[in-house]
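Remarks on the structure that follows.
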Amino acid sequence: MIDESLLYSAIKHASELGAEYVETRFQADYGFAISLRNGKILGAGSNRKSGVGIRVLVNGSLGFSSTNIIDRENILEAVEKAVARAKSLSSLRKNPIKFSIERVGKASYQVMVKRKLEDLVVEDIVEMGSTLYNTLTKELTKAKIPVSTFSFETHTQEKLIITSEGAYVRSTVPRIYVDSNNVLLNPEKGTLQRMVSFAASGGLELIEEWKPVETIVDEMKRLENVLVNGILPPREKVDVVVGSEIVGLLVHESAGHPMEADRILGREAAQAGESYVKPGMIGSFRIGNEYATVIEDPTIPGSNGFYLYDDEGVPARPRYLYKEGIVNEPLHNRHTAFLFGTRSNGAARAMDYASEPIIRMSNTYFKPGDMDFEELIEDIEFGVFLKSYMEWNIDDVRWNQRYVGLEAYLIKNGELAEPVRDPILEITTQGFYSSIVGVDKNLVFHPGTCGKGEPSQGVPVWFGGPNVRLKKIPLGVRA
């Protein structure tokens with residue numbers, strides 16, 4: 001961790017140069033990664049990236065600069081660049097940038113682990129990847145595995161944020177990632193491809209919790225059945241139960257992104273897309289029925305998107321993006337909060353020391369209900385359960401969306417029946433949230449890396465939800 005006196009020197013120097021606000025952030029990201037293909041090592045190595053990012057507010061404009069050389073001279077030089085950039089923009093700006101007034105944090109926290117990442121035994125990971133491939137080739141009898149990849153990564157992120165307004169936040173968050181991509185081939189039925197991912201904040205004990213080899217083998221067996229025995233989806237409108245993986249992705253894309261305040265203001269349009277949400281809709285526009293509650297919460301212990309304070313030093317908390325069907329609360333940083341006449345809800349995140357904090361998601365999920373899965377489907381005479389997806393897309397304003405099912409089954413008289421090949425759920429955002437007639441209690445999270453910004457920033461997230469039932473929906477079939 002950096003000598004914090006260097007950051008205080010940066011704040012003092014920027015203030016002397018005319019900055020009315022100064023934000024300093026030391027960030028180090030380091031870890032180890034290894035990948036295998038068909039049980040053989042492709043590559044392995046460690047990585048480390050660290051430095052200091054400086055952001056200043058001068059004459060109503062923001063300036064940002066960074067350095068990976070952590071000494072007094074280079075940090076003060078970065079300060080001067082940030083101030084110069086802000087001043088050069090101030091003459092072009094009609095409306096000065098202002099921040100909301102916040103009670104920023106003074107805290108130190110870290111994710112506690114049972115098994116430290118530095119105790120990793122590489123040979124154990126190689127054996128895990130080899131065992132996965134060998135088990136798949138033995139146990140799948142009706143399809144071959146031409147390609148099976150397996151990757152494992154550790155990642156620790158250390159931060160120290162100090163601002164001119166008194167924020168002081170020190171944090172350490174270790175994470176691990178496991179990914180496996182497998183192709184199933186049957187000469188008569190074609191191919192299926194499945195990427196399975198695990199990710200969370202914590203230590204090596206997560207491997208024992210996830211049981212990746214057993215979990216992946218079990219799923220690929222089910223997908224072999226779908227590939228070989230799957231039938232076409234029904235053509236008539238039926239009740240559709242959407243699994244947690246699709247629900248999680250759907251809420252990330254159709255609630256999380258359109259409820260980012262910078263998108264609502266049109267400031268992401270040229271980089272990552274727009275939003276159907278307009279400022280006047282907040283608190284009044286009905287996007288769905290009473291089941292439609294979507295929550296964004298960085299504070300979930302062990303989550304992939306975990307943090308307790310954002311990169312502006314604002315305390316994190318749950319944010320109800322949609323609440324009982326109403327567009328409720330956007331994700332804010334301090335600037336957009338000022339523009340909306342509210343307080344920041346701690347959504348400013350930066351990918352690394354060289355990236356400026358922007359509004360980001362963390363862990364986005366659909367609020368679960370209180371039913372078991374069996375109760376959710378018990379009165380469905382004929383329907384379809386979409387458990388996972390193979391591909392998806394959504395338009396720039398986050399309104400029209402499409403999900404192609406991967407593992408899917410008919411529902412007959414309240415029971416799962418034959419597997420279904422390539423069912424397509426094509427629906428609008430309002431159409432989905434308004435068609436819900438039941439939600440079970442099985443909240444499951446899935447990991448991802450969310451991309452946004454220019455230059456692009458990728459940050460770790462979770463998205464998830466329970467199983468959600470939709471009333472009388474038409475399904476398409478993939479050509």
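Here's how to read the names in the structure tokens: chain A, B, ... by the order shown, residue numbers from 1 in each chain, ligand numbers from 1 in the order shown.
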Selection near segment 93-110 of chain A, 6 Å with only C-alpha atoms, sequence-local residues under 3 positions removed, as an MDAnalysis selection string: chainID A and resid 60:61 90 167:173 313:314 334:335 337:338
Using only C-alpha atoms, which residues sit within 8 Å of segment 466-471 of chain A once same-chain residues fewer than 3 positions away are excluded, as JSON, numbers by chain? {"A": [238, 239, 240, 241, 242, 243, 244, 247, 366, 367, 368, 369, 373, 376, 432, 435, 436, 437, 438, 439, 440, 441, 442, 443, 444]}
Filtering to C-alpha atoms, could you give me those residues as an mmCIF file, in the first residue's frame?
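Contents of out-v6.cif, as written:
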```cif
data_model
loop_
_atom_site.group_PDB
_atom_site.id
_atom_site.type_symbol
_atom_site.label_atom_id
_atom_site.label_comp_id
_atom_site.auth_asym_id
_atom_site.auth_seq_id
_atom_site.Cartn_x
_atom_site.Cartn_y
_atom_site.Cartn_z
ATOM 1 C CA VAL A 238 -47.863 -20.448 -23.267
ATOM 2 C CA ASP A 239 -46.823 -19.667 -19.725
ATOM 3 C CA VAL A 240 -43.054 -19.264 -19.694
ATOM 4 C CA VAL A 241 -40.867 -19.673 -16.628
ATOM 5 C CA VAL A 242 -37.619 -17.744 -16.999
ATOM 6 C CA GLY A 243 -34.643 -19.074 -15.013
ATOM 7 C CA SER A 244 -32.408 -17.016 -12.755
ATOM 8 C CA VAL A 247 -33.623 -13.048 -15.316
ATOM 9 C CA PHE A 366 -34.771 -9.254 -9.248
ATOM 10 C CA LYS A 367 -36.394 -9.390 -5.825
ATOM 11 C CA PRO A 368 -37.360 -12.992 -4.964
ATOM 12 C CA GLY A 369 -40.789 -14.107 -3.798
ATOM 13 C CA PHE A 373 -40.150 -23.759 -7.745
ATOM 14 C CA LEU A 376 -44.446 -21.779 -9.259
ATOM 15 C CA PHE A 432 -41.583 -8.509 -19.476
ATOM 16 C CA SER A 435 -46.384 -10.057 -17.725
ATOM 17 C CA ILE A 436 -45.109 -11.515 -14.451
ATOM 18 C CA VAL A 437 -47.600 -13.667 -12.570
ATOM 19 C CA GLY A 438 -45.319 -15.444 -10.122
ATOM 20 C CA VAL A 439 -41.832 -15.357 -8.593
ATOM 21 C CA ASP A 440 -40.161 -18.075 -6.552
ATOM 22 C CA LYS A 441 -37.700 -17.674 -3.663
ATOM 23 C CA ASN A 442 -34.656 -19.261 -5.301
ATOM 24 C CA LEU A 443 -32.368 -16.220 -5.622
ATOM 25 C CA VAL A 444 -29.231 -17.218 -7.573
#
```
Ranking A:Phe64, A:Phe463, A:Phe285, A:Phe385 by minimum distance to Ala417 of chain A and counting only C-alpha atoms, which one comes first?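 Closest candidate: A:Phe385.
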Using only C-alpha atoms, pick whichever of A:Ala82, A:Ala348, A:Val384, A:Ile69 has the shortest atom-to-atom distance to Pro233 of chain A.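 With only C-alpha atoms as the atom set, the closest residue is A:Val384.
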Need the shell around Lys114 of chain A: protein/DNA/RNA residues with any atom at most 9 Å away, counting only C-alpha atoms. Skip same-chain ones fewer than 3 positions apart. Format as a list of chain:residue names? A:Gly202, A:Gly203, A:Leu204, A:Glu205
Among the residues A:Glu356, A:Glu329, A:Asp119, A:Glu158, the one that comes closest to Asp29 of chain A [using only C-alpha atoms]: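 Selected residue with least distance to Asp29 of chain A: A:Glu158.
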Closest of A:Ser201, A:Ser456, A:Gln430, A:Thr24 to Ile75 of chain A, counting only C-alpha atoms, is A:Thr24
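Nearest to Lys221 of chain A of all the residues A:Ile300, A:Ile427, A:Leu140, A:Ile11 is A:Leu140, based on only C-alpha atoms.
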Would you tabulate, counting only C-alpha atoms, all residues of segment 313-353 of chain A that have an atom at most 12 Å from an atom of segment 47-50 of chain A, showing the closest pair of atoms and their distance in Å to one decimal, sorted by chain then ascending number, as CSV?
```
residue,atom,partner,partner_atom,distance
A:Met351,CA,A:Lys49,CA,11.3
A:Asp352,CA,A:Ser50,CA,7.9
A:Tyr353,CA,A:Ser50,CA,6.5
```
What residues in segment 4-148 of chain A get the DSSP label alpha helix (DSSP H)? Please answer as a PyMOL selection string. chain A and resi 4-16+72-90+122-139
Using only C-alpha atoms, can you tell me which of A:Gln193, A:Thr336, A:Gln457, A:Thr429 comes closest to Gly405 of chain A?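 Looking only at the distances to Gly405 of chain A, the closest residue turns out to be A:Gln193.
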Calculate how many Å separate atom CA of Lys144 of chain A from atom CA of Tyr177 of chain A, rounding to one decimal.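 Between atom CA of Lys144 of chain A and atom CA of Tyr177 of chain A the gap works out to 26.1 Å.
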When you look at segment 305-307 of chain A with a cut-off of 6 Å (counting only C-alpha atoms), what residues show up, excluding the ones that are within fewer than 5 positions of it in the same chain? I need them as a ChimeraX atom specification. /A:298-299,362-363,460-462
